[in-house]
$ cat query.cif   # mmCIF, C-alpha atoms and all ligand atoms
data_upload
#
loop_
_atom_site.label_atom_id
_atom_site.label_comp_id
_atom_site.auth_asym_id
_atom_site.auth_seq_id
_atom_site.Cartn_x
_atom_site.Cartn_y
_atom_site.Cartn_z
CA MET A 454 4.47 -12.99 -21.37
CA GLN A 455 3.57 -9.37 -22.13
CA ASN A 456 6.36 -6.94 -23.07
CA PHE A 457 7.63 -4.79 -20.24
CA VAL A 458 10.17 -2.13 -19.30
CA TYR A 459 11.37 -2.44 -15.73
CA LYS A 460 13.54 -0.18 -13.65
CA ASN A 461 13.46 0.19 -9.88
CA ALA A 462 15.80 3.00 -8.95
CA THR A 463 15.13 2.98 -5.19
CA GLU A 464 18.20 2.15 -3.15
CA ILE A 465 17.23 -0.07 -0.20
CA LEU A 466 19.14 0.35 3.08
CA PHE A 467 17.98 -2.68 5.00
CA GLY A 468 18.59 -3.43 8.68
CA ALA A 469 19.09 -1.99 12.12
CA GLY A 470 20.95 1.31 12.29
CA GLN A 471 20.77 2.08 8.57
CA THR A 472 19.21 5.50 9.15
CA ALA A 473 22.69 6.71 10.03
CA ASN A 474 23.57 6.35 6.34
CA ILE A 475 20.99 8.72 4.86
CA ALA A 476 22.97 11.97 5.19
CA GLU A 477 25.44 11.09 2.46
CA ARG A 478 22.51 10.44 0.12
CA ILE A 479 21.06 13.93 0.48
CA PRO A 480 23.00 16.92 -0.94
CA ALA A 481 24.87 18.66 1.90
CA ASP A 482 23.37 22.07 1.08
CA ALA A 483 19.80 20.80 0.73
CA THR A 484 16.96 22.14 2.83
CA VAL A 485 15.15 19.01 3.96
CA LEU A 486 11.48 18.77 4.86
CA MET A 487 11.11 15.95 7.37
CA LEU A 488 7.51 14.79 7.07
CA TYR A 489 5.85 12.56 9.67
CA GLY A 490 2.52 11.48 11.08
CA GLY A 491 0.89 11.68 14.48
CA GLY A 492 4.03 11.13 16.52
CA SER A 493 4.64 7.37 16.64
CA ILE A 494 8.15 7.99 15.28
CA LYS A 495 9.07 9.67 18.56
CA HIS A 496 8.66 6.34 20.38
CA ASN A 497 10.60 3.92 18.22
CA GLY A 498 13.86 5.69 17.50
CA ALA A 499 13.07 6.74 13.93
CA TYR A 500 12.68 10.44 14.74
CA ASP A 501 15.83 10.62 16.88
CA GLN A 502 17.93 8.65 14.42
CA ALA A 503 16.78 10.67 11.40
CA LEU A 504 17.47 13.98 13.13
CA ALA A 505 20.87 12.75 14.35
CA ALA A 506 21.78 11.64 10.84
CA LEU A 507 20.82 15.04 9.44
CA ALA A 508 22.57 17.06 12.14
CA ASN A 509 24.54 18.96 9.50
CA HIS A 510 21.60 19.59 7.18
CA ASN A 511 19.03 22.33 7.34
CA VAL A 512 15.94 20.38 8.48
CA ILE A 513 12.39 21.67 8.71
CA GLU A 514 9.83 19.43 10.40
CA PHE A 515 6.20 18.97 9.39
CA GLY A 516 4.19 16.56 11.54
CA GLY A 517 0.52 15.65 11.58
CA VAL A 518 0.07 13.74 8.33
CA GLU A 519 -2.95 11.54 9.00
CA ALA A 520 -3.47 7.85 8.30
CA ASN A 521 -5.07 8.03 4.85
CA PRO A 522 -3.24 11.31 4.24
CA THR A 523 -5.42 14.25 3.36
CA TYR A 524 -5.05 16.72 0.55
CA GLU A 525 -6.01 19.47 2.98
CA THR A 526 -3.06 18.79 5.33
CA LEU A 527 -0.62 18.16 2.51
CA MET A 528 -1.44 21.51 0.93
CA GLN A 529 -0.30 23.11 4.20
CA ALA A 530 2.96 21.17 3.92
CA LEU A 531 3.24 22.39 0.33
CA ASP A 532 3.11 25.98 1.59
CA VAL A 533 6.09 25.21 3.82
CA VAL A 534 7.96 23.64 0.90
CA ARG A 535 7.44 26.81 -1.14
CA ASP A 536 8.07 29.31 1.66
CA GLU A 537 11.27 27.61 2.81
CA ALA A 538 12.56 26.63 -0.65
CA VAL A 539 12.75 22.96 0.33
CA ASP A 540 14.98 20.80 -1.91
CA PHE A 541 14.41 17.32 -0.50
CA ILE A 542 11.52 15.57 1.26
CA LEU A 543 12.25 12.88 3.83
CA ALA A 544 9.23 10.81 4.87
CA VAL A 545 9.60 9.17 8.28
CA GLY A 546 6.67 6.89 9.03
CA GLY A 547 4.19 4.51 7.42
CA GLY A 548 2.62 4.40 3.99
CA SER A 549 0.53 7.48 4.61
CA VAL A 550 3.58 9.63 5.25
CA GLY A 551 5.38 8.13 2.25
CA ASP A 552 2.39 8.79 0.00
CA GLY A 553 2.03 12.30 1.39
CA ALA A 554 5.67 13.06 0.66
CA LYS A 555 5.27 11.91 -2.93
CA PHE A 556 2.23 14.08 -3.50
CA ILE A 557 3.94 17.15 -2.09
CA ALA A 558 7.04 16.39 -4.16
CA ALA A 559 4.97 16.28 -7.34
CA ALA A 560 2.76 19.25 -6.41
CA ALA A 561 5.83 21.42 -5.71
CA GLN A 562 6.85 21.25 -9.35
CA PHE A 563 3.40 21.05 -10.92
CA ASN A 564 2.05 23.89 -13.02
CA GLY A 565 -1.57 24.30 -12.01
CA GLU A 566 -3.98 23.00 -9.38
CA PRO A 567 -2.35 19.99 -7.67
CA TRP A 568 -5.69 18.20 -7.25
CA ASP A 569 -5.66 17.68 -11.04
CA ILE A 570 -2.80 15.21 -10.54
CA LEU A 571 -5.25 13.00 -8.68
CA GLU A 572 -8.62 13.72 -10.22
CA GLN A 573 -7.66 14.39 -13.85
CA GLY A 574 -4.61 12.15 -13.99
CA ALA A 575 -2.55 15.19 -15.05
CA ALA A 576 0.99 14.17 -16.01
CA VAL A 577 3.70 14.56 -13.39
CA LEU A 578 6.73 15.65 -15.39
CA SER A 579 9.10 16.25 -12.48
CA ALA A 580 9.16 16.19 -8.69
CA LEU A 581 11.35 17.05 -5.74
CA PRO A 582 13.51 14.11 -4.63
CA VAL A 583 12.03 11.91 -1.89
CA GLY A 584 13.63 9.58 0.66
CA VAL A 585 11.81 7.29 3.10
CA VAL A 586 12.54 5.96 6.58
CA LEU A 587 9.83 3.31 6.88
CA THR A 588 8.14 2.35 10.14
CA LEU A 589 5.21 0.22 8.93
CA PRO A 590 5.68 -2.61 6.43
CA ALA A 591 2.54 -2.79 4.30
CA THR A 592 2.14 -0.59 1.27
CA GLY A 593 5.41 -0.92 -0.63
CA THR A 594 5.33 2.87 -1.08
CA GLU A 595 8.97 2.98 0.01
CA SER A 596 10.01 1.46 -3.29
CA ASN A 597 7.33 2.35 -5.83
CA GLY A 598 6.00 5.39 -7.67
CA ASN A 599 2.45 5.29 -6.27
CA SER A 600 0.59 7.55 -3.88
CA VAL A 601 -3.01 7.57 -2.62
CA ILE A 602 -4.52 10.77 -1.19
CA THR A 603 -7.86 11.54 0.44
CA ARG A 604 -9.75 14.79 0.00
CA VAL A 605 -11.91 15.21 3.07
CA GLY A 606 -14.03 17.95 1.53
CA THR A 607 -15.33 15.70 -1.24
CA GLN A 608 -14.86 12.26 0.42
CA GLN A 609 -12.62 11.13 -2.44
CA LYS A 610 -9.62 8.84 -2.15
CA LEU A 611 -7.62 8.88 -5.37
CA GLY A 612 -4.19 7.71 -6.47
CA PHE A 613 -1.52 8.68 -8.94
CA GLY A 614 1.69 7.10 -10.11
CA SER A 615 4.89 8.52 -11.56
CA PRO A 616 8.48 7.35 -11.78
CA HIS A 617 9.46 10.87 -10.69
CA VAL A 618 8.16 10.28 -7.15
CA ARG A 619 9.79 6.91 -6.65
CA PRO A 620 11.94 7.33 -3.52
CA GLN A 621 15.64 7.71 -4.15
CA PHE A 622 16.36 5.63 -1.08
CA ALA A 623 14.40 3.77 1.57
CA VAL A 624 15.59 2.75 5.01
CA LEU A 625 13.96 -0.53 6.06
CA ASP A 626 14.93 -0.91 9.71
CA PRO A 627 12.77 -3.66 11.24
CA SER A 628 13.46 -2.44 14.78
CA PHE A 629 11.26 0.61 14.10
CA THR A 630 8.32 -1.76 13.56
CA LEU A 631 8.53 -3.32 17.03
CA THR A 632 6.27 -0.56 18.41
CA LEU A 633 3.42 -1.26 15.98
CA PRO A 634 0.05 -1.86 17.60
CA VAL A 635 -1.41 -5.33 16.92
CA ARG A 636 -3.99 -3.83 14.57
CA GLN A 637 -1.29 -2.33 12.33
CA VAL A 638 0.73 -5.56 12.33
CA GLY A 639 -2.34 -7.37 10.99
CA ASN A 640 -3.11 -4.59 8.55
CA GLY A 641 0.40 -4.62 7.14
CA VAL A 642 0.49 -8.36 6.51
CA VAL A 643 -2.97 -8.33 4.92
CA ASP A 644 -2.12 -5.35 2.69
CA ALA A 645 1.09 -6.97 1.44
CA PHE A 646 -0.72 -10.28 0.90
CA VAL A 647 -3.42 -8.60 -1.18
CA HIS A 648 -0.84 -6.68 -3.22
CA VAL A 649 0.59 -10.01 -4.31
CA ILE A 650 -2.87 -11.43 -4.97
CA GLU A 651 -3.81 -8.47 -7.20
CA GLN A 652 -0.82 -9.24 -9.45
CA TYR A 653 -1.09 -13.04 -9.33
CA LEU A 654 -4.67 -14.19 -9.01
CA THR A 655 -5.95 -13.54 -12.52
CA TYR A 656 -5.52 -16.26 -15.16
CA PRO A 657 -2.57 -18.38 -16.34
CA THR A 658 -0.28 -16.68 -18.85
CA ASN A 659 2.69 -19.04 -18.83
CA ALA A 660 4.71 -16.80 -16.53
CA PRO A 661 6.04 -19.40 -14.09
CA LEU A 662 8.76 -17.19 -12.62
CA GLN A 663 6.31 -14.40 -11.73
CA ASP A 664 3.99 -17.03 -10.26
CA ARG A 665 6.71 -18.44 -8.05
CA PHE A 666 7.92 -14.98 -6.96
CA ALA A 667 4.33 -14.29 -5.88
CA GLU A 668 3.83 -17.66 -4.20
CA SER A 669 7.07 -17.33 -2.24
CA ILE A 670 5.95 -13.98 -0.80
CA LEU A 671 2.51 -15.34 0.08
CA SER A 672 4.00 -18.43 1.77
CA THR A 673 6.42 -16.30 3.77
CA LEU A 674 3.65 -13.94 4.92
CA ILE A 675 1.53 -16.92 6.00
CA GLU A 676 4.47 -18.32 7.98
CA GLU A 677 5.77 -15.11 9.50
CA GLY A 678 2.60 -13.02 9.98
CA PRO A 679 1.17 -15.03 12.90
CA LYS A 680 4.64 -15.11 14.50
CA ALA A 681 4.66 -11.31 14.62
CA LEU A 682 1.46 -11.50 16.68
CA ALA A 683 2.67 -14.36 18.89
CA THR A 684 6.23 -13.13 19.49
CA PRO A 685 6.06 -9.37 18.90
CA ASP A 686 9.61 -8.68 20.06
CA ASP A 687 11.23 -10.94 17.47
CA TYR A 688 13.36 -8.75 15.18
CA ALA A 689 13.95 -11.56 12.68
CA VAL A 690 10.24 -12.04 12.12
CA ARG A 691 9.74 -8.30 11.59
CA ALA A 692 12.65 -8.27 9.15
CA ASN A 693 11.07 -11.01 7.05
CA ILE A 694 7.73 -9.24 6.97
CA MET A 695 9.34 -5.92 6.06
CA TRP A 696 11.15 -7.43 3.10
CA CYS A 697 8.01 -9.28 1.96
CA ALA A 698 5.93 -6.09 2.00
CA CYS A 699 8.55 -4.25 -0.01
CA MET A 700 8.89 -7.00 -2.59
CA ALA A 701 5.10 -7.33 -2.85
CA LEU A 702 4.70 -3.92 -4.45
CA ASN A 703 8.03 -2.74 -5.77
CA GLY A 704 6.99 -3.62 -9.30
CA LEU A 705 8.98 -6.81 -9.79
CA ILE A 706 6.36 -9.55 -9.46
CA GLY A 707 3.81 -7.85 -11.70
CA GLN A 708 5.99 -7.42 -14.78
CA GLY A 709 4.63 -9.05 -17.91
CA VAL A 710 1.44 -10.42 -16.34
CA PRO A 711 -2.18 -9.27 -16.17
CA GLN A 712 -3.19 -7.48 -12.96
CA ASP A 713 -6.49 -7.07 -11.19
CA TRP A 714 -6.56 -4.23 -8.53
CA SER A 715 -10.38 -4.28 -8.23
CA THR A 716 -10.20 -5.16 -4.51
CA HIS A 717 -8.08 -2.04 -3.97
CA MET A 718 -10.31 0.24 -6.01
CA ILE A 719 -13.47 -0.89 -4.19
CA GLY A 720 -11.58 -0.81 -0.89
CA HIS A 721 -10.44 2.78 -1.39
CA GLU A 722 -14.08 3.81 -1.71
CA VAL A 723 -14.95 1.96 1.50
CA THR A 724 -12.25 3.94 3.30
CA ALA A 725 -13.34 7.23 1.72
CA VAL A 726 -16.98 6.74 2.73
CA HIS A 727 -16.79 4.75 5.99
CA GLY A 728 -13.26 5.42 7.29
CA LEU A 729 -12.02 1.83 7.62
CA ASP A 730 -8.27 1.24 7.59
CA HIS A 731 -6.95 0.41 4.12
CA ALA A 732 -6.19 -3.24 4.89
CA GLN A 733 -9.51 -3.73 6.68
CA THR A 734 -11.29 -2.86 3.44
CA LEU A 735 -9.19 -5.38 1.53
CA ALA A 736 -10.00 -8.12 4.04
CA VAL A 737 -13.69 -7.41 3.55
CA VAL A 738 -13.68 -7.15 -0.24
CA LEU A 739 -11.25 -9.83 -1.42
CA PRO A 740 -12.92 -13.05 -0.18
CA ALA A 741 -16.32 -11.96 -1.50
CA LEU A 742 -14.82 -10.79 -4.79
CA LEU A 743 -13.10 -14.13 -5.27
CA ARG A 744 -16.37 -15.97 -4.63
CA VAL A 745 -18.15 -13.85 -7.24
CA LYS A 746 -15.28 -14.32 -9.72
CA ILE A 747 -14.48 -17.95 -8.89
CA ASP A 748 -15.03 -19.29 -12.40
CA GLN A 749 -12.75 -16.75 -14.11
CA LYS A 750 -10.06 -17.18 -11.47
CA ARG A 751 -10.42 -20.91 -10.90
CA ALA A 752 -7.14 -22.04 -12.45
CA LYS A 753 -5.00 -19.64 -10.40
CA LEU A 754 -7.06 -20.26 -7.25
CA GLU A 755 -6.42 -23.98 -7.59
CA GLN A 756 -2.71 -23.40 -8.14
CA LEU A 757 -2.58 -21.10 -5.11
CA GLY A 758 -4.40 -23.64 -2.96
CA GLN A 759 -2.05 -26.45 -3.82
CA ARG A 760 1.24 -24.56 -3.87
CA VAL A 761 0.75 -22.11 -1.01
CA PHE A 762 -1.90 -23.62 1.25
CA GLY A 763 -0.71 -27.21 0.69
CA MET A 764 -4.05 -28.57 -0.50
CA PRO A 765 -3.84 -32.15 -1.72
CA ALA A 766 -6.26 -31.59 -4.62
CA PRO A 767 -7.41 -28.54 -6.63
CA ASP A 768 -10.16 -26.76 -4.72
CA ALA A 769 -10.86 -23.12 -5.56
CA ALA A 770 -13.60 -22.64 -2.96
CA ALA A 771 -11.47 -24.06 -0.16
CA THR A 772 -8.62 -21.76 -1.22
CA ILE A 773 -10.84 -18.71 -0.77
CA ASP A 774 -11.87 -20.02 2.66
CA ALA A 775 -8.16 -20.40 3.55
CA ILE A 776 -7.39 -16.81 2.52
CA GLN A 777 -10.28 -15.52 4.61
CA ALA A 778 -9.19 -17.63 7.60
CA PHE A 779 -5.67 -16.22 7.30
CA PHE A 780 -6.94 -12.63 7.44
CA GLU A 781 -9.04 -13.49 10.50
CA ARG A 782 -6.01 -15.15 12.08
CA MET A 783 -4.14 -11.88 11.59
CA GLY A 784 -6.89 -10.19 13.57
CA VAL A 785 -8.48 -8.39 10.62
CA PRO A 786 -12.27 -8.95 10.38
CA THR A 787 -13.47 -10.00 6.92
CA ARG A 788 -17.09 -8.89 6.97
CA LEU A 789 -18.68 -5.43 7.01
CA ALA A 790 -20.47 -6.50 10.20
CA GLY A 791 -17.05 -6.72 11.86
CA TYR A 792 -16.87 -2.93 11.53
CA ASP A 793 -20.46 -2.27 12.64
CA LEU A 794 -21.65 -1.79 9.07
CA ASP A 795 -24.65 -3.47 7.45
CA ARG A 796 -26.08 -3.64 3.93
CA SER A 797 -27.08 0.00 4.04
CA ALA A 798 -23.35 0.80 3.93
CA VAL A 799 -23.05 -0.57 0.39
CA LYS A 800 -24.94 2.00 -1.69
CA PRO A 801 -22.88 5.06 -0.75
CA VAL A 802 -19.73 3.12 -1.61
CA ILE A 803 -21.11 2.23 -5.04
CA ASP A 804 -22.22 5.83 -5.62
CA SER A 805 -18.67 6.96 -4.88
CA LEU A 806 -17.22 4.29 -7.17
CA GLU A 807 -19.41 5.57 -9.99
CA LYS A 808 -18.60 9.21 -9.26
CA ASN A 809 -14.90 8.39 -9.60
CA GLY A 810 -15.44 6.57 -12.90
CA MET A 811 -14.57 3.09 -11.59
CA LEU A 812 -17.03 1.40 -13.91
CA ALA A 813 -15.03 -1.50 -15.38
CA LEU A 814 -12.63 -2.99 -12.85
CA GLY A 815 -10.62 -6.20 -12.78
CA GLU A 816 -8.36 -7.98 -15.23
CA HIS A 817 -11.28 -8.40 -17.64
CA GLY A 818 -12.81 -4.96 -17.01
CA ASP A 819 -16.09 -6.63 -16.11
CA ILE A 820 -16.52 -5.63 -12.48
CA THR A 821 -19.22 -3.02 -12.99
CA PRO A 822 -20.91 -1.13 -10.15
CA ALA A 823 -23.60 -3.84 -10.24
CA VAL A 824 -20.99 -6.56 -9.68
CA ALA A 825 -19.30 -4.49 -6.98
CA THR A 826 -22.70 -4.22 -5.27
CA GLN A 827 -23.02 -8.00 -5.36
CA ILE A 828 -19.52 -8.34 -3.86
CA LEU A 829 -20.13 -5.91 -1.00
CA GLU A 830 -23.55 -7.39 -0.23
CA LEU A 831 -21.95 -10.83 -0.05
CA SER A 832 -19.43 -9.49 2.47
CA SER A 833 -22.02 -7.89 4.74
O1 LIG B 1 0.66 8.75 12.46
P1 LIG B 1 1.56 7.98 13.34
O2 LIG B 1 1.62 8.51 14.73
O3 LIG B 1 2.93 7.76 12.76
O4 LIG B 1 0.89 6.50 13.56
C1 LIG B 1 0.69 5.60 12.49
C2 LIG B 1 -0.77 5.52 12.07
O5 LIG B 1 -1.62 5.84 13.11
C3 LIG B 1 0.95 4.22 13.02
N1 LIG B 1 2.34 3.77 12.93
C4 LIG B 1 3.16 3.75 11.86
N2 LIG B 1 4.34 3.19 12.18
C5 LIG B 1 4.27 2.88 13.48
C6 LIG B 1 3.01 3.26 13.97
N3 LIG B 1 2.65 3.08 15.26
C7 LIG B 1 3.56 2.53 16.09
N4 LIG B 1 4.78 2.12 15.68
C8 LIG B 1 5.18 2.28 14.39
N5 LIG B 1 6.37 1.83 13.99
O6 LIG B 1 0.18 3.37 12.20
C9 LIG B 1 -0.99 4.06 11.76
C10 LIG B 1 -1.22 3.77 10.30
O7 LIG B 1 -0.18 4.33 9.54
P2 LIG B 1 -0.33 4.45 7.94
O8 LIG B 1 0.90 5.05 7.42
O9 LIG B 1 -1.63 5.09 7.62
O10 LIG B 1 -0.48 2.91 7.49
P3 LIG B 1 -0.04 2.18 6.17
O11 LIG B 1 1.42 2.05 6.07
O12 LIG B 1 -0.85 0.96 6.15
O13 LIG B 1 -0.49 3.16 4.98
C11 LIG B 1 -1.82 3.21 4.55
C12 LIG B 1 -1.96 4.20 3.41
O14 LIG B 1 -1.21 3.78 2.25
C13 LIG B 1 -2.09 3.72 1.11
C14 LIG B 1 -3.40 3.40 1.73
O15 LIG B 1 -4.48 3.66 0.87
C15 LIG B 1 -3.41 4.29 2.95
O16 LIG B 1 -3.77 5.60 2.63
N6 LIG B 1 -1.55 2.78 0.12
C16 LIG B 1 -0.47 3.15 -0.58
C17 LIG B 1 0.07 2.34 -1.56
C18 LIG B 1 1.27 2.75 -2.33
N7 LIG B 1 1.74 3.97 -2.18
O17 LIG B 1 1.79 1.97 -3.13
C19 LIG B 1 -0.52 1.05 -1.92
C20 LIG B 1 -1.51 0.56 -0.93
O18 LIG B 1 -2.36 -0.34 -1.58
C21 LIG B 1 -2.31 1.60 -0.26
O19 LIG B 1 -3.41 2.04 -1.04
ZN ZN B 2 -2.87 -1.94 -0.46
#
$ encode --input "query.cif" --output "structure tokens" --more "lines below"
Ligand code: NZQ
Ligand code: ZN
Amino acid sequence: MQNFVYKNATEILFGAGQTANIAERIPADATVLMLYGGGSIKHNGAYDQALAALANHNVIEFGGVEANPTYETLMQALDVVRDEAVDFILAVGGGSVGDGAKFIAAAAQFNGEPWDILEQGAAVLSALPVGVVLTLPATGTESNGNSVITRVGTQQKLGFGSPHVRPQFAVLDPSFTLTLPVRQVGNGVVDAFVHVIEQYLTYPTNAPLQDRFAESILSTLIEEGPKALATPDDYAVRANIMWCACMALNGLIGQGVPQDWSTHMIGHEVTAVHGLDHAQTLAVVLPALLRVKIDQKRAKLEQLGQRVFGMPAPDAAATIDAIQAFFERMGVPTRLAGYDLDRSAVKPVIDSLEKNGMLALGEHGDITPAVATQILELSS
């Protein structure tokens, strides 16, 4: 096992009604920026409950953060933070709102052009405190230090990470997720599934506990995901999915083991260039990537097939087929053609990958733009 230092300082408030408990976690004299998206929070109770909880705080609202949050919109929110001397940012919504809050929090205390945080990897030395009321289980942003932002002007989607933007608390109330459209239910399960895969499906390193953490999340997603589609009003199912998605990317399962993340890096470019949802890109890239990398990943694929998909004998190829079938079962198409894209869609994605310096991806650093081309062509 590799050495590691692990600390997750996010306090999780899990369950129905927990939003009522946020006020005591935010200083009484704080000016709070309540950040949200296109308005879904006004239909599931999250908006009303957050405002009720903060009745005695000074709250300023900023709505309109897009799915795949944009730098352009967030810079407007940053103006509000500066003009109103905001002390605390509360994100109420999905991963995009959470990521947007983190970027604003870092930008507010950054000396210089905030885009450098994303494009140059400039160090984030401090940030405003962030809290999250989550409405879409998928990204794990509620309990990690990551954020991914899109700049419309240059068609770039770039991420940064810092312990300073890890949320201080996160409310995980599954009842807020009951209003999710089918497409976002599928997206969330696929995203969480692929987060686990990126930290698990590399090569054996004698880390049996990490392996079993990962396998338990994958098994639970395979069991519970289809139930969320079949019985959408079932709170218990939503609760299980919400906890899975949080555990998938809160840092725990990836400690001490090699990680991949090439599916995400290629997928981010597909979103930047063609506008697919984040999880849709993962569903397209992962099966093809695994087929191209089957020899390097064979041992873990076989383990996954037997332990999670219940295969009687080791079979890496059949395991990839099973992953792809699961994504399709969750209603997320796994080929570019499913999004009205053909082979001509590949080159602009590769050009963007190269422009952003993503030249050596994967746990072995051997997924070059040429290999990424092969992967995307296989998925068309
Ligand atoms: O904007 P509103 O009106 O709120 O609607 C949203 C949005 O249209 C809607 N929605 C959210 N909760 C809902 C709801 N609709 C009905 N009922 C609810 N309870 O869902 C749509 C998608 O929301 P979004 O926040 O964009 O989705 P998600 O949570 O999947 O976040 C995706 C973003 O997170 C990034 C992705 O790249 C993408 O930009 N990621 C962040 C990561 C992280 N910080 O660790 C890791 C991930 O790999 C990922 O890259
Ligand atoms: Zn993801």
$ residues_near_ligand --input "query.cif" --ligand "ligand ZN 2 (chain B)" --cutoff "6 Å" --atoms "all atoms listed in the file" --output "MDAnalysis selection string"
chainID A and resid 592 644 648
$ closest_residue --input "query.cif" --among "A:Arg744, A:Ser579, A:Val761, A:Tyr500" --to "Asp774 (chain A)" --atoms "only C-alpha atoms"
A:Arg744
$ closest_residue --input "query.cif" --among "A:Leu814, A:Val737, A:Ala538, A:Val649" --to "Thr724 (chain A)" --atoms "all atoms listed in the file"
A:Val737
$ residues_near_ligand --input "query.cif" --ligand "ligand LIG 1 (chain B)" --cutoff "8 Å" --atoms "only C-alpha atoms and all ligand atoms" --output "number ranges by chain"
A: 489-494, 496-497, 517-522, 546-552, 587-595, 597-603, 610, 612, 629-634, 637, 640-641, 644, 648, 702, 717, 721, 730-732
$ atom_distance --input "query.cif" --atom1 "CA of Val539 (chain A)" --atom2 "CA of Gly584 (chain A)"
13.4 Å
$ atom_distance --input "query.cif" --atom1 "CA of Ala576 (chain A)" --atom2 "CA of Ala530 (chain A)"
21.2 Å
$ closest_residue --input "query.cif" --among "A:Leu486, A:Ala473, A:Ile479, A:Val710" --to "Ala503 (chain A)" --atoms "only C-alpha atoms"
A:Ala473
$ closest_residue --input "query.cif" --among "A:Asn474, A:Ser596, A:Asp626, A:Gly498" --to "Tyr688 (chain A)" --atoms "only C-alpha atoms"
A:Asp626
$ atom_distance --input "query.cif" --atom1 "CA of Ala623 (chain A)" --atom2 "CA of Asp686 (chain A)"
22.8 Å
$ residues_around --input "query.cif" --residues "Ala505 (chain A)" --least-positions-apart "4" --cutoff "10 Å" --atoms "all atoms listed in the file" --output "PyMOL selection string"
chain A and resi 472-473+476+499-501+509-510
$ closest_residue --input "query.cif" --among "A:Phe762, A:Trp568, A:Phe646, A:Phe563" --to "Leu527 (chain A)" --atoms "only C-alpha atoms"
A:Trp568
$ residues_around --input "query.cif" --residues "Ala771 (chain A)" --least-positions-apart "2" --cutoff "12 Å" --atoms "all atoms listed in the file" --output "list in words"
Pro740, Leu743, Arg744, Ile747, Arg751, Leu754, Glu755, Gln756, Leu757, Gly758, Gln759, Phe762, Gly763, Met764, Pro765, Ala766, Pro767, Asp768, Ala769, Ile773, Asp774, Ala775, Ile776, Gln777 and Ala778 of chain A
$ residues_around --input "query.cif" --residues "Met695 (chain A)" --least-positions-apart "4" --cutoff "7 Å" --atoms "all atoms listed in the file" --output "PyMOL selection string"
chain A and resi 590+627+691+699
$ closest_residue --input "query.cif" --among "A:Arg535, A:His617, A:Lys753, A:Arg604" --to "Ala559 (chain A)" --atoms "only C-alpha atoms"
A:His617
$ residues_around --input "query.cif" --residues "region 783-799 of chain A" --least-positions-apart "4" --cutoff "9 Å" --atoms "all atoms listed in the file" --output "VMD selection string"
chain A and resid 635 to 636 638 to 640 642 to 643 678 to 679 682 723 726 to 727 729 732 to 740 777 to 779 803 to 804 826 829 to 833
$ residues_around --input "query.cif" --residues "Arg665 (chain A)" --least-positions-apart "5" --cutoff "10 Å" --atoms "only C-alpha atoms" --output "VMD selection string"
chain A and resid 653 660 670 to 671 706 760 to 761
$ decode --input "query.cif" --residues "region 641-670 of chain A" --atoms "C-alpha atoms" --output "tab-separated table (two decimals), in the first residue's frame"
chain	number	residue	atom	x	y	z
A	641	GLY	CA	-26.07	10.20	-10.76
A	642	VAL	CA	-25.77	6.44	-10.43
A	643	VAL	CA	-23.44	6.20	-13.43
A	644	ASP	CA	-21.23	9.04	-12.17
A	645	ALA	CA	-20.88	7.49	-8.71
A	646	PHE	CA	-20.21	4.06	-10.26
A	647	VAL	CA	-17.44	5.47	-12.45
A	648	HIS	CA	-15.89	7.36	-9.52
A	649	VAL	CA	-15.43	4.02	-7.79
A	650	ILE	CA	-14.11	2.40	-10.96
A	651	GLU	CA	-11.50	5.14	-11.44
A	652	GLN	CA	-10.06	4.35	-8.00
A	653	TYR	CA	-10.42	0.56	-8.18
A	654	LEU	CA	-10.01	-0.72	-11.71
A	655	THR	CA	-6.25	-0.38	-12.15
A	656	TYR	CA	-4.01	-3.27	-11.06
A	657	PRO	CA	-3.71	-5.33	-7.86
A	658	THR	CA	-1.66	-3.71	-5.10
A	659	ASN	CA	-2.54	-5.93	-2.15
A	660	ALA	CA	-5.06	-3.43	-0.77
A	661	PRO	CA	-7.94	-5.79	0.03
A	662	LEU	CA	-9.81	-3.35	2.27
A	663	GLN	CA	-9.89	-0.62	-0.39
A	664	ASP	CA	-11.00	-3.25	-2.91
A	665	ARG	CA	-13.87	-4.37	-0.74
A	666	PHE	CA	-14.93	-0.79	0.09
A	667	ALA	CA	-15.11	-0.19	-3.67
A	668	GLU	CA	-16.89	-3.45	-4.44
A	669	SER	CA	-19.50	-2.83	-1.76
A	670	ILE	CA	-20.38	0.56	-3.27
